[in-house]
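Chemist: One structure follows; several queries about it will come next.
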Amino acid sequence: MTTEMLESIKKSIRHAMNGAFYQSRFNGLQPEDIKTPEDFYALPLTEKADLREAYPLGLAAVPEEEIVRIHSSSGTTGMPVIIPYTQKDVDDWTLMFKRCYETAGITKADRIHITPGYGLWTAGIGFQLGAESLGAMALPLGPGNTDKQLQMMMDLKSTVLTATSSYALLLAEEIAKRGIKDKIHLKKGVIGSERWGEKMRRRIANELGVSLYDIYGLTEIYGPGIGISCDHECGMHMWTDFMFYELIDPKTGGHVKEGEIGELVITTLKKEGAPLIRYRTHDLTRELPGECPCGLAFPRIDTIIGRSDDMVKVKGAILYPSRVDEFLAGVPGASSEYQVMIDHLNGRDILRLFFETDVPEGEQRKALEKEVERGFKASIGIVPEAKAVSLGELPRSEKKSTRIFDNRY
Ligand code: ZN
């Protein structure tokens, strides 16, 4: 960590302690006492559950009349988390988003088709602000209504699709099914908010005929747009002029070794409304070494490989969704769509893997199941019961899809 970065962090902590939330969390701390990076690393991590306790506006570090907008992250349980934004926060987010589009080679000549949702969730409006700031044409469709999506895409000649990976796949499949690919003008896809495997990426890219970019972000830290991949497809550049990040071992909280997979922890440097210090994203990734051929000086993290809370232990082996993605990508005949069910039956753990295939039912499909079982054991170390189903039989969703279901507890 540079001295300059430590100073930025201290400034952010000083500001955060204007609010009730960090005043009580860092009770008695003097930001001036933080003299070394180690002093900073000794501060407690902030969890989403902590933010929930600040409902409704307890996270605000500015007077309430300076708040121009709120967003809220979906709480699966109990109270939602409310994130207040000042005008500067909105402007900073817009600037980062514009930078994302520029990194993806998107210009004001583009027409950006926006399918992420609008409302309390940060997604749609971030994609729109960035597009308008770039001077591109924003098409604020929001999610759902596939007929209308495709009609508008054809009539208004959308050149950029922004979507979650599962919705992009759904649209790609629909375009193929309807035989309208020659009427679609898409050139690029900006895909965010969930982990996706190489095979799914290739399918979306091929079926839509576009280059794809991974965009990263979370509502607690502005929203999507705090990092994006470039043409070289080697991880995502993170806008470290707005945040500082660390990678920790989700179990111990200590830093992982260089290049190792860990959980991303973010400290905001410029956020006014709701600054966050050492916030746990629960996203698993690793830092990528060296300079990117694109020349951008911003450091890179790998594509998100999963959630630290999605990591499951079965029969002593560690399983997270991207390992299954990677494994299936190497099996000819298996598609990118799958579901894993883990149950505890008759005193032992059972892992069932359902995957989609275009191999016809019968002997051939049975042979593929056997091959998947053998390969899964060899690469992941767990013996599964594999069951092949036809393409389209597993549920698709417009939101994040859960693929590993642990029914043991
Ligand atoms: Zn790059």
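Here, A, B, ... name the chains of the structure tokens in the order displayed, residue numbers run from 1 inside each chain, and ligands are numbered from 1 in the same displayed order.
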Wanna dump the chain A-ligand 1 contacts at 10 Å for me, each residue with its shortest atom pair and the distance in Å to one decimal, counting only C-alpha atoms and all ligand atoms, ordered by chain and number, as CSV?
Modeler:
residue,atom,partner,partner_atom_place_in_ligand_line,distance
A:Thr103,CA,ligand 1,1 (Zn),7.9
A:Ala104,CA,ligand 1,1 (Zn),9.5
A:Ile228,CA,ligand 1,1 (Zn),8.9
A:Ser229,CA,ligand 1,1 (Zn),6.6
A:Cys230,CA,ligand 1,1 (Zn),4.6
A:Asp231,CA,ligand 1,1 (Zn),6.6
A:His232,CA,ligand 1,1 (Zn),5.9
A:Glu233,CA,ligand 1,1 (Zn),7.5
A:Cys234,CA,ligand 1,1 (Zn),7.0
A:Gly235,CA,ligand 1,1 (Zn),7.9
A:Met236,CA,ligand 1,1 (Zn),7.5
A:His237,CA,ligand 1,1 (Zn),6.5
A:Glu291,CA,ligand 1,1 (Zn),8.0
A:Cys292,CA,ligand 1,1 (Zn),4.6
A:Pro293,CA,ligand 1,1 (Zn),6.0
A:Cys294,CA,ligand 1,1 (Zn),4.3
A:Gly295,CA,ligand 1,1 (Zn),6.3
A:Leu296,CA,ligand 1,1 (Zn),5.6
A:Ala297,CA,ligand 1,1 (Zn),8.3
A:Phe298,CA,ligand 1,1 (Zn),8.2
A:Pro299,CA,ligand 1,1 (Zn),8.8
A:Arg300,CA,ligand 1,1 (Zn),7.9
Chemist: Can you measure CA of Thr107 (chain A) to CA of Asp91 (chain A) for me? One decimal in Å is fine.
Modeler: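 The value is 19.2 Å.
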Chemist: With only C-alpha atoms as the basis for distance, which of A:Lys183, A:His282, A:Tyr167, A:Thr46 is at the shortest distance from Asp155 (chain A)?
Modeler: A:Lys183
Chemist: Looking only at the backbone, which of the residues in region 210-242 of chain A does DSSP tag as strand (DSSP E or B), as a list in words?
Modeler: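 Across region 210-242 of chain A, those assigned strand (DSSP E or B) are Ser211, Leu212, Tyr213, Asp214, Ile215, Tyr216, Gly217, Leu218, Ile221, Tyr222, Gly223, Pro224, Gly225, Ile226, Gly227, Ile228, Ser229, Met236, His237 and Met238 of chain A.
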Chemist: Quick one: of A:Pro384, A:Pro37, A:Gly192, A:Gly223, who's nearest to Tyr85 (chain A), counting only C-alpha atoms?
Modeler: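 Checking each candidate against Tyr85 (chain A), we get A:Gly223 as the closest.
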Chemist: Would you list the contacts of Ala168 (chain A) as an MDAnalysis selection string, taking every protein, DNA or RNA residue within 12 Å and counting only C-alpha atoms, but skipping same-chain residues closer than 4 positions in sequence?
Modeler: chainID A and resid 113:116 143:144 146 149:150 160:164 172:175 186 188:192 194 196 200:208 210 212 396:400
Chemist: Excluding region 360-376 of chain A and its own-chain neighbours fewer than 2 positions away, which residues fall within 10 Å of it when counting only C-alpha atoms? Please give them as JSON, numbers by chain.
Modeler: {"A": [323, 324, 327, 328, 330, 331, 332, 333, 334, 352, 353, 354, 355, 357, 358, 378, 379, 380, 381, 382, 383, 384, 385, 386, 387, 388, 389, 390]}
Chemist: Leaving out Ala54 (chain A) and any residue of its chain fewer than 4 positions from it, which residues lie within 9 Å of it when counting only C-alpha atoms, given as an MDAnalysis selection string?
Modeler: chainID A and resid 20:21 50 58:59 81:82
Chemist: Which residues are close to region 117-122 of chain A, i.e. within 7 Å by only C-alpha atoms, leaving aside same-chain residues fewer than 2 positions away? Reply as a ChimeraX atom specification.
Modeler: /A:71-73,115,124-126,142-143,219,223
Chemist: Any chance you could export the current selection's N, CA, C and O atoms as a short mmCIF file (atom, residue, chain, number, x, y, z; two decimals), in the first residue's frame?
Modeler:
data_model
loop_
_atom_site.label_atom_id
_atom_site.label_comp_id
_atom_site.auth_asym_id
_atom_site.auth_seq_id
_atom_site.Cartn_x
_atom_site.Cartn_y
_atom_site.Cartn_z
N HIS A 71 -30.72 3.89 -2.64
CA HIS A 71 -30.89 2.59 -3.28
C HIS A 71 -30.96 1.57 -2.16
O HIS A 71 -30.64 1.87 -1.00
N SER A 72 -31.40 0.38 -2.52
CA SER A 72 -31.55 -0.64 -1.49
C SER A 72 -31.13 -1.96 -2.07
O SER A 72 -31.42 -2.27 -3.22
N SER A 73 -30.40 -2.74 -1.29
CA SER A 73 -30.02 -4.05 -1.79
C SER A 73 -30.97 -5.07 -1.23
O SER A 73 -31.43 -4.97 -0.10
N THR A 115 -31.38 -4.02 -20.03
CA THR A 115 -32.38 -4.96 -19.50
C THR A 115 -32.34 -5.12 -17.98
O THR A 115 -33.29 -5.64 -17.41
N GLY A 124 -30.32 -0.92 -13.36
CA GLY A 124 -30.74 -0.23 -14.58
C GLY A 124 -30.28 1.21 -14.67
O GLY A 124 -29.70 1.64 -15.67
N ILE A 125 -30.49 1.96 -13.61
CA ILE A 125 -30.21 3.40 -13.66
C ILE A 125 -28.72 3.68 -13.82
O ILE A 125 -28.33 4.66 -14.45
N GLY A 126 -27.87 2.81 -13.30
CA GLY A 126 -26.43 2.98 -13.46
C GLY A 126 -26.04 2.83 -14.93
O GLY A 126 -25.29 3.64 -15.48
N GLY A 142 -35.52 -2.33 -19.17
CA GLY A 142 -35.73 -3.08 -17.94
C GLY A 142 -35.92 -4.55 -18.28
O GLY A 142 -35.84 -4.93 -19.44
N PRO A 143 -36.18 -5.37 -17.25
CA PRO A 143 -36.24 -6.82 -17.50
C PRO A 143 -37.61 -7.28 -18.03
O PRO A 143 -38.58 -6.54 -17.95
N THR A 219 -24.56 -3.03 -4.94
CA THR A 219 -25.32 -1.86 -4.49
C THR A 219 -24.65 -1.14 -3.33
O THR A 219 -24.65 0.08 -3.28
N GLY A 223 -22.86 0.41 -6.96
CA GLY A 223 -23.67 -0.42 -7.87
C GLY A 223 -22.76 -0.98 -8.94
O GLY A 223 -21.53 -0.90 -8.82
#
Chemist: With only C-alpha atoms as the counted atoms, please give the residues lying no more than 12 Å from Glu220 (chain A), apart from itself and same-chain residues fewer than 3 positions off, as a PyMOL selection string.
Modeler: chain A and resi 46-52+59+70-75+80-85+121-123+217+223-224+226+265-268+271+273-281
Chemist: Quick one: of A:Gln151, A:Ile301, A:Gly197, A:Gly262, who's nearest to Thr240 (chain A), counting only C-alpha atoms?
Modeler: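 The closest residue to Thr240 (chain A) is A:Ile301.
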Chemist: May I ask which of the residues A:Tyr320, A:Tyr213, A:Tyr222, A:Tyr245 is the closest one to Glu102 (chain A), counting only C-alpha atoms?
Modeler: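 That would be A:Tyr213, the residue with the smallest distance to Glu102 (chain A).
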Chemist: Taking the chain letters and numbering used in this document, name the residues of region 18-161 of chain A that DSSP puts in alpha helix (DSSP H), as a ChimeraX atom specification.
Modeler: /A:20-25,37-41,48-52,87-103,123-134,146-155
